[in-house]
Structures are given as structure tokens and as C-alpha cells.
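So this block is run_14.cif, mmCIF, C-alpha atoms:
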```
data_start
#
loop_
_atom_site.label_atom_id
_atom_site.label_comp_id
_atom_site.auth_asym_id
_atom_site.auth_seq_id
_atom_site.Cartn_x
_atom_site.Cartn_y
_atom_site.Cartn_z
CA MET A 1218 -12.67 15.55 1.67
CA LYS A 1219 -10.48 14.43 4.55
CA ASN A 1220 -6.70 14.43 4.35
CA ASN A 1221 -5.55 10.86 5.09
CA SER A 1222 -2.00 11.29 3.95
CA ASN A 1223 -0.33 11.35 7.38
CA ILE A 1224 1.72 8.31 8.25
CA THR A 1225 0.74 6.64 11.52
CA PRO A 1226 3.24 6.22 14.38
CA GLU A 1227 2.65 2.45 14.21
CA LEU A 1228 3.60 2.26 10.53
CA LEU A 1229 6.59 4.53 11.13
CA GLU A 1230 7.79 2.25 13.96
CA THR A 1231 7.32 -0.84 11.74
CA ILE A 1232 9.30 0.66 8.87
CA GLU A 1233 12.04 1.85 11.23
CA ARG A 1234 12.40 -1.69 12.63
CA TYR A 1235 12.53 -3.01 9.07
CA HIS A 1236 15.36 -0.65 8.16
CA ASN A 1237 17.39 -1.25 11.32
CA GLY A 1238 17.05 -5.05 11.07
CA SER A 1239 15.22 -5.58 14.38
CA MET A 1240 12.27 -7.49 12.87
CA VAL A 1241 12.01 -11.21 13.58
CA GLN A 1242 12.33 -13.35 10.46
CA GLU A 1243 8.61 -14.20 10.15
CA GLU A 1244 7.56 -10.56 10.43
CA ARG A 1245 10.22 -9.45 7.94
CA ILE A 1246 9.11 -12.07 5.37
CA ALA A 1247 5.47 -11.01 5.75
CA PHE A 1248 6.37 -7.31 5.47
CA GLU A 1249 8.49 -7.86 2.35
CA GLU A 1250 5.63 -9.81 0.78
CA GLN A 1251 3.35 -6.86 1.51
CA LEU A 1252 5.89 -4.54 -0.12
CA SER A 1253 5.98 -6.71 -3.25
CA GLN A 1254 2.20 -6.32 -3.61
CA ASP A 1255 1.85 -2.65 -2.63
CA ALA A 1256 3.87 -0.25 -4.77
CA ASP A 1257 2.67 2.78 -2.79
CA LEU A 1258 3.82 1.30 0.51
CA LYS A 1259 7.17 0.42 -1.09
CA LEU A 1260 7.54 4.07 -2.15
CA VAL A 1261 6.80 5.23 1.40
CA VAL A 1262 9.41 2.80 2.79
CA GLU A 1263 12.05 4.09 0.37
CA ASP A 1264 11.19 7.71 1.22
CA ILE A 1265 11.56 6.96 4.93
CA LYS A 1266 14.91 5.27 4.30
CA ILE A 1267 16.20 8.34 2.48
CA THR A 1268 14.79 10.65 5.15
CA LEU A 1269 16.33 8.58 7.96
CA LEU A 1270 19.73 8.63 6.32
CA GLY A 1271 19.59 12.39 5.88
CA ILE A 1272 18.44 13.04 9.44
CA GLU A 1273 20.94 10.59 10.95
CA THR A 1274 23.74 12.27 8.99
CA GLN A 1275 22.67 15.67 10.30
CA ALA A 1276 22.34 14.30 13.85
CA LEU A 1277 25.86 12.87 13.67
CA LYS A 1278 27.21 16.22 12.50
CA GLU A 1279 25.45 17.98 15.38
CA ARG A 1280 26.87 15.49 17.89
CA MET A 1281 30.37 16.05 16.52
CA ASP A 1282 29.92 19.83 16.71
CA GLU A 1283 28.70 19.51 20.29
CA PHE A 1284 31.63 17.27 21.14
CA HIS A 1285 34.16 19.75 19.79
CA LYS A 1286 32.51 22.62 21.68
CA GLU A 1287 32.76 20.76 24.99
CA ILE A 1288 36.42 19.68 24.65
CA PRO A 1289 38.07 22.96 25.83
CA GLU A 1290 35.80 23.34 28.88
CA ASN A 1291 35.39 19.74 30.06
CA ARG A 1292 38.50 17.93 28.86
CA SER A 1293 38.86 15.93 32.11
CA VAL A 1294 35.23 15.71 33.22
CA GLN A 1295 32.94 13.03 31.80
CA THR A 1296 29.27 12.53 32.70
CA SER A 1297 26.63 10.43 31.01
CA THR A 1298 23.62 12.69 31.64
CA PRO A 1299 24.21 15.26 28.86
CA LYS A 1300 24.77 12.48 26.33
CA VAL A 1301 21.57 10.70 27.32
CA ARG A 1302 19.57 13.91 27.17
CA PHE A 1303 21.04 14.80 23.78
CA LEU A 1304 20.34 11.37 22.30
CA SER A 1305 16.75 11.47 23.55
CA PHE A 1306 16.26 14.85 21.93
CA THR A 1307 17.82 13.59 18.70
CA LYS A 1308 15.50 10.56 18.62
CA ILE A 1309 12.46 12.81 19.05
CA ALA A 1310 13.78 15.17 16.38
CA ILE A 1311 14.30 12.30 13.94
CA ALA A 1312 10.75 10.98 14.44
CA ALA A 1313 9.26 14.46 14.11
CA GLY A 1314 11.35 15.16 11.04
CA ILE A 1315 10.22 11.97 9.31
CA ILE A 1316 6.53 12.65 9.98
CA ILE A 1317 6.81 16.26 8.79
CA ALA A 1318 8.82 15.30 5.69
CA LEU A 1319 6.43 12.52 4.71
CA GLY A 1320 3.41 14.68 5.38
CA MET A 1321 4.79 17.32 3.04
CA PHE A 1322 5.69 14.68 0.44
CA TRP A 1323 2.17 13.27 0.27
CA LEU A 1324 0.63 16.73 0.44
CA LEU A 1325 2.62 17.94 -2.56
CA ASN A 1326 2.62 14.71 -4.58
CA GLY A 1327 -0.45 12.98 -5.94
CA SER A 1328 -4.12 13.89 -5.95
CA THR A 1329 -6.61 13.24 -3.16
CA ASN A 1330 -8.04 10.42 -5.26
CA ASP A 1331 -4.60 8.80 -5.52
CA ARG A 1332 -4.17 8.94 -1.76
CA LEU A 1333 -7.64 7.52 -1.12
CA TYR A 1334 -7.03 4.77 -3.66
CA SER A 1335 -3.72 3.85 -2.02
CA LYS A 1336 -5.36 3.78 1.39
CA HIS A 1337 -8.28 1.54 0.43
CA PHE A 1338 -7.09 -0.71 -2.37
CA LYS A 1339 -6.10 -4.25 -1.47
CA PRO A 1340 -6.41 -7.06 -4.04
CA ASP A 1341 -9.12 -9.64 -3.44
CA PRO A 1342 -7.48 -12.53 -1.52
CA GLY A 1343 -8.58 -14.95 -4.24
CA LEU A 1344 -10.09 -18.43 -4.19
CA PRO A 1345 -8.68 -21.67 -2.75
CA THR A 1346 -6.60 -23.38 -5.45
CA THR A 1347 -8.30 -26.76 -5.76
CA MET A 1348 -7.96 -28.05 -9.34
CA SER A 1349 -10.14 -30.56 -11.17
CA SER A 1350 -11.10 -30.28 -14.87
CA SER A 1351 -8.73 -28.95 -17.52
CA ASP A 1352 -10.48 -25.56 -17.67
CA ASN A 1353 -10.48 -25.34 -13.89
CA PHE A 1354 -6.80 -26.22 -13.90
CA VAL A 1355 -5.99 -23.20 -16.07
CA PHE A 1356 -8.12 -20.94 -13.87
CA TYR A 1357 -6.59 -22.10 -10.59
CA ASP A 1358 -3.12 -22.15 -12.08
CA GLY A 1359 -3.69 -18.46 -12.85
CA MET A 1360 -4.99 -18.03 -9.29
CA VAL A 1361 -1.62 -19.23 -7.97
CA ASN A 1362 0.10 -16.52 -10.04
CA TYR A 1363 -2.44 -13.97 -8.86
CA LYS A 1364 -1.82 -14.77 -5.19
CA GLN A 1365 1.91 -14.49 -5.78
CA GLY A 1366 1.41 -10.97 -7.15
CA ASP A 1367 2.26 -11.98 -10.73
CA TYR A 1368 -0.84 -10.31 -12.15
CA LYS A 1369 0.33 -10.22 -15.75
CA LYS A 1370 0.78 -13.99 -15.87
CA ALA A 1371 -2.61 -14.55 -14.21
CA ILE A 1372 -4.27 -12.20 -16.70
CA SER A 1373 -2.64 -14.00 -19.62
CA LYS A 1374 -4.09 -17.34 -18.50
CA TRP A 1375 -7.52 -16.02 -17.57
CA GLU A 1376 -7.99 -14.10 -20.82
CA LYS A 1377 -7.73 -17.38 -22.73
CA LEU A 1378 -10.59 -18.72 -20.62
CA ASP A 1379 -12.55 -15.49 -21.11
CA LYS A 1380 -12.52 -16.04 -24.86
CA LYS A 1381 -14.17 -19.44 -24.30
CA SER A 1382 -16.67 -18.19 -21.70
CA PRO A 1383 -17.05 -14.41 -22.06
CA GLY A 1384 -20.05 -14.29 -19.73
CA ASN A 1385 -18.38 -16.08 -16.80
CA ASP A 1386 -18.67 -13.66 -13.87
CA THR A 1387 -15.89 -15.35 -11.87
CA ILE A 1388 -13.36 -14.89 -14.69
CA ASN A 1389 -14.56 -11.34 -15.40
CA TYR A 1390 -14.33 -10.39 -11.73
CA PHE A 1391 -10.81 -11.66 -11.15
CA LEU A 1392 -9.60 -10.27 -14.46
CA GLY A 1393 -10.95 -6.87 -13.38
CA VAL A 1394 -9.24 -7.01 -9.99
CA ALA A 1395 -5.99 -8.34 -11.51
CA TYR A 1396 -5.91 -5.51 -14.05
CA LEU A 1397 -6.55 -2.99 -11.26
CA ALA A 1398 -3.75 -4.50 -9.16
CA ASP A 1399 -1.54 -4.26 -12.26
CA LYS A 1400 -2.39 -0.53 -12.45
CA ASN A 1401 -4.52 -0.76 -15.59
CA ALA A 1402 -7.73 0.89 -14.45
CA ASP A 1403 -9.30 1.12 -17.92
CA GLU A 1404 -9.18 -2.63 -18.52
CA ALA A 1405 -10.35 -3.19 -14.94
CA VAL A 1406 -13.44 -1.05 -15.59
CA SER A 1407 -14.29 -3.09 -18.68
CA TYR A 1408 -14.22 -6.47 -16.92
CA LEU A 1409 -15.84 -5.28 -13.70
CA ASN A 1410 -18.73 -3.78 -15.67
CA LYS A 1411 -19.24 -7.20 -17.27
CA THR A 1412 -19.33 -8.71 -13.79
CA ILE A 1413 -21.99 -6.37 -12.38
CA ALA A 1414 -24.11 -6.90 -15.51
CA ASN A 1415 -25.01 -10.22 -13.83
CA SER A 1416 -27.19 -9.06 -10.93
CA GLU A 1417 -27.12 -12.61 -9.50
CA SER A 1418 -23.33 -12.79 -9.33
CA VAL A 1419 -21.88 -13.75 -5.95
CA PHE A 1420 -19.19 -11.16 -6.71
CA LEU A 1421 -21.65 -8.30 -7.25
CA GLU A 1422 -20.95 -6.26 -4.09
CA ASP A 1423 -17.18 -6.64 -4.31
CA ALA A 1424 -17.24 -5.92 -8.05
CA LEU A 1425 -19.07 -2.64 -7.40
CA TYR A 1426 -16.44 -1.73 -4.79
CA TYR A 1427 -13.49 -2.45 -7.09
CA LEU A 1428 -15.25 -0.72 -9.98
CA GLY A 1429 -15.56 2.36 -7.78
CA LEU A 1430 -11.84 2.13 -7.00
CA ALA A 1431 -11.04 1.80 -10.71
CA TYR A 1432 -13.01 4.98 -11.43
CA LEU A 1433 -11.28 6.70 -8.49
CA LYS A 1434 -7.90 5.67 -9.88
CA SER A 1435 -8.92 7.26 -13.19
CA ASP A 1436 -10.02 10.49 -11.42
CA ARG A 1437 -13.67 9.86 -12.32
CA THR A 1438 -14.84 10.76 -8.84
CA GLU A 1439 -18.59 11.06 -9.48
CA ALA A 1440 -18.67 7.69 -11.26
CA ALA A 1441 -16.74 6.18 -8.35
CA ILE A 1442 -19.21 7.54 -5.80
CA GLN A 1443 -22.14 6.12 -7.79
CA GLU A 1444 -20.65 2.61 -7.71
CA PHE A 1445 -19.77 2.81 -4.01
CA GLN A 1446 -23.33 3.90 -3.27
CA LYS A 1447 -24.70 0.87 -5.13
CA SER A 1448 -22.57 -1.49 -3.05
CA LYS A 1449 -23.74 -2.64 0.36
CA SER A 1450 -20.26 -3.69 1.49
CA GLU A 1451 -18.68 -2.11 4.57
CA LYS A 1452 -15.61 -1.23 2.49
CA SER A 1453 -17.73 0.91 0.16
CA GLN A 1454 -19.40 2.71 3.04
CA GLU A 1455 -16.01 3.40 4.61
CA ILE A 1456 -14.54 5.00 1.51
CA LEU A 1457 -17.71 7.03 0.96
CA LYS A 1458 -17.09 8.67 4.35
CA ASP A 1459 -13.62 9.69 3.17
CA LEU A 1460 -15.05 11.09 -0.06
CA LYS A 1461 -17.49 13.41 1.73
#
```
Rewritten as C-alpha cells:
Amino acid sequence: MKNNSNITPELLETIERYHNGSMVQEERIAFEEQLSQDADLKLVVEDIKITLLGIETQALKERMDEFHKEIPENRSVQTSTPKVRFLSFTKIAIAAGIIIALGMFWLLNGSTNDRLYSKHFKPDPGLPTTMSSSDNFVFYDGMVNYKQGDYKKAISKWEKLDKKSPGNDTINYFLGVAYLADKNADEAVSYLNKTIANSESVFLEDALYYLGLAYLKSDRTEAAIQEFQKSKSEKSQEILKDLK
């Protein structure tokens, strides 16, 4: 299997701008919304924050040591070149240190399946919230909660509908994805299996993909591969390449 744990320079630059407050308001709002929906990304951001603080503290100490060394020899001579060169080196050292530290963190923490799951899992974007009948109102009201990342509240509303219509593939599908987003892979497997039992379901391909992810989350790798192979979606083919 491939090791996909390395953080990209683009993500590192984005997180660094988030921490130093240089994001424009719209980008910051969008990034914080992404953090609220992705616990693994939030963990990475916190790790980078801690790493940055540690490296910046060390860099400051080194600058102070360098300053004190230069005082006896160059008390009356001031040039900007050494400072610029030192700061450039420090910036490179900080970036390299972050990448190395994060690479080691993800190498030593979590299984390959966990890393693949974190890389590929994104909740289904959901359905447009147009409400009509009373039953539809409850479903779409839950969809609003789902889109806001309040998966527990969405599940609570949808399970009431599931008791009335246990064979409804739409309810089964979104309950499965909501449970998976809420980190309950076992319940997700149950509902997604109900969804794929209907071979005519419009959610069939996506349900197979999320079922594979649920098995992957549970470290049932062979079962996950079987579901990905059944799915014709590009997402399933992409993760299969990573599993080889």
C-alpha cells in the first residue's frame, strides 16, 4: 500500500496563513467550516500550531544567541545582509521541521486504513432542502442539521422516519452516511447494507463506496475492497489504487 500520510506544501501554507491571521474573511470562514466537519484535519491543524510554536521558540532562542555572539565583535557595525540570510534560513528550517514532524506523527500514529479513510472520506453533500408534506418536512429538516454537521440531530429525526418506512433507500442511505460521519461505522454498515439491497436505488454506487469506507474504518480491509470493486464510481476506483 502507498504511504499518503505526508502533508502537502499547499495545505501547510493554508494552515500557516490560518494561524498567522493572513486569511481573508471569506476563506477563513470556509476553512473553519471545513474544520468543524473534519476531525482529522482539525487534529492536523492543532499539531501544526504546536509544532510552529515550538520551532518559533527555538528560532527566537537561536537568534538571541547569535545576537549575543556578535555584540563583542561588531558593536558599532550594523548590516542587514546577515539578518536577512539568517531569517531566510530560519523560515526554511521551520517549514522543513513541520513537514518532518508531521510525517513522523502520522507514521507512528494510526493504521494505514485510518490514514486512507481520512484522506478519502467526505460526507455526501446532501439533497436540496425543499419541503412539502409533513414526512418530507421531517426529512429535510434533518437534512438541514446534516449539512450543518449536526449528525446526531439529523440521525434522531431520520430514525423516526425509518421506523415508518424501513425500506426507504433514501433514508437508509443518508442514515448510513450520517452515522459514518459521526464515527459510528457499525451502524453505518447496517444502514448502507439496507440501501444496496435495493439494486435499483439511485444511491447504489455511492452507497457501495461509503460501505467500503465503513469497512475500512473498522479495519475490515478485504470487505472494503469487495465493496469498492462492486462500485463503478471514480471515487471507488481511486481508493482501490491506494489499497494496492
Name the residues captured by the PyMOL selection byres ((chain A and resi 1391) around 9) when it is applied to the shown file; answer as a JSON list (two decimals) with C-alpha atoms, keeping the file's coordinate frame.
```json
[["chain", "number", "residue", "atom", "x", "y", "z"],
["A", 1341, "ASP", "CA", -9.12, -9.64, -3.44],
["A", 1343, "GLY", "CA", -8.58, -14.95, -4.24],
["A", 1360, "MET", "CA", -4.99, -18.03, -9.29],
["A", 1363, "TYR", "CA", -2.44, -13.97, -8.86],
["A", 1372, "ILE", "CA", -4.27, -12.20, -16.70],
["A", 1375, "TRP", "CA", -7.52, -16.02, -17.57],
["A", 1386, "ASP", "CA", -18.67, -13.66, -13.87],
["A", 1387, "THR", "CA", -15.89, -15.35, -11.87],
["A", 1388, "ILE", "CA", -13.36, -14.89, -14.69],
["A", 1389, "ASN", "CA", -14.56, -11.34, -15.40],
["A", 1390, "TYR", "CA", -14.33, -10.39, -11.73],
["A", 1392, "LEU", "CA", -9.60, -10.27, -14.46],
["A", 1393, "GLY", "CA", -10.95, -6.87, -13.38],
["A", 1394, "VAL", "CA", -9.24, -7.01, -9.99],
["A", 1395, "ALA", "CA", -5.99, -8.34, -11.51],
["A", 1396, "TYR", "CA", -5.91, -5.51, -14.05],
["A", 1408, "TYR", "CA", -14.22, -6.47, -16.92],
["A", 1409, "LEU", "CA", -15.84, -5.28, -13.70]]
```
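In terms of minimum interatomic distance to Leu1460 of chain A, A:His1337 ranks closest within A:Lys1374, A:Lys1369, A:Lys1259, A:His1337, counting only C-alpha atoms.
With distances taken over all atoms listed in the file, A:Ser1435 is the one residue among A:Asn1362, A:Ser1253, A:Ser1435, A:Asn1237 lying closest to Thr1329 of chain A.
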Subject >> Of the listed residues A:Ser1450, A:Leu1378, A:Tyr1334, A:Pro1342, that which approaches Val1361 of chain A most closely, counting only C-alpha atoms >> reply: A:Pro1342
Subject >> Within-12 Å shell of (7.1, 0.2, 11.6) in input frame, only C-alpha atoms, as a PyMOL selection string >> reply: chain A and resi 1224-1240+1244-1245+1248+1258+1261-1262+1265-1266+1312
**OP:** Could you please determine the separation between atom CA of Ala1398 of chain A and atom CA of Leu1428 of chain A in Å, to one decimal place?
**Re:** 12.1 Å
Original post:
Could you work out how far atom CA of Val1406 of chain A lies from atom CA of Ala1431 of chain A, giving the answer in Å with one decimal?
Top reply: 6.1 Å
Around segment 1227-1243 of chain A, with edges along x, y and z and 3 Å added on all six sides, what centre and edge lengths do you get, in Å to one decimal, as lines of an AutoDock Vina configuration file?
```
center_x = 10.0
center_y = -4.8
center_z = 11.3
size_x = 20.7
size_y = 24.7
size_z = 12.2
```
**OP:** Evaluate the PyMOL selection byres ((chain A and resi 1336) around 10) on the structure here and hand back the selected residues as a list in words.
**Re:** Asn1221, Ser1222, Asp1257, Leu1258, Asn1330, Asp1331, Arg1332, Leu1333, Tyr1334, Ser1335, His1337, Phe1338, Lys1339 and Ile1456 of chain A
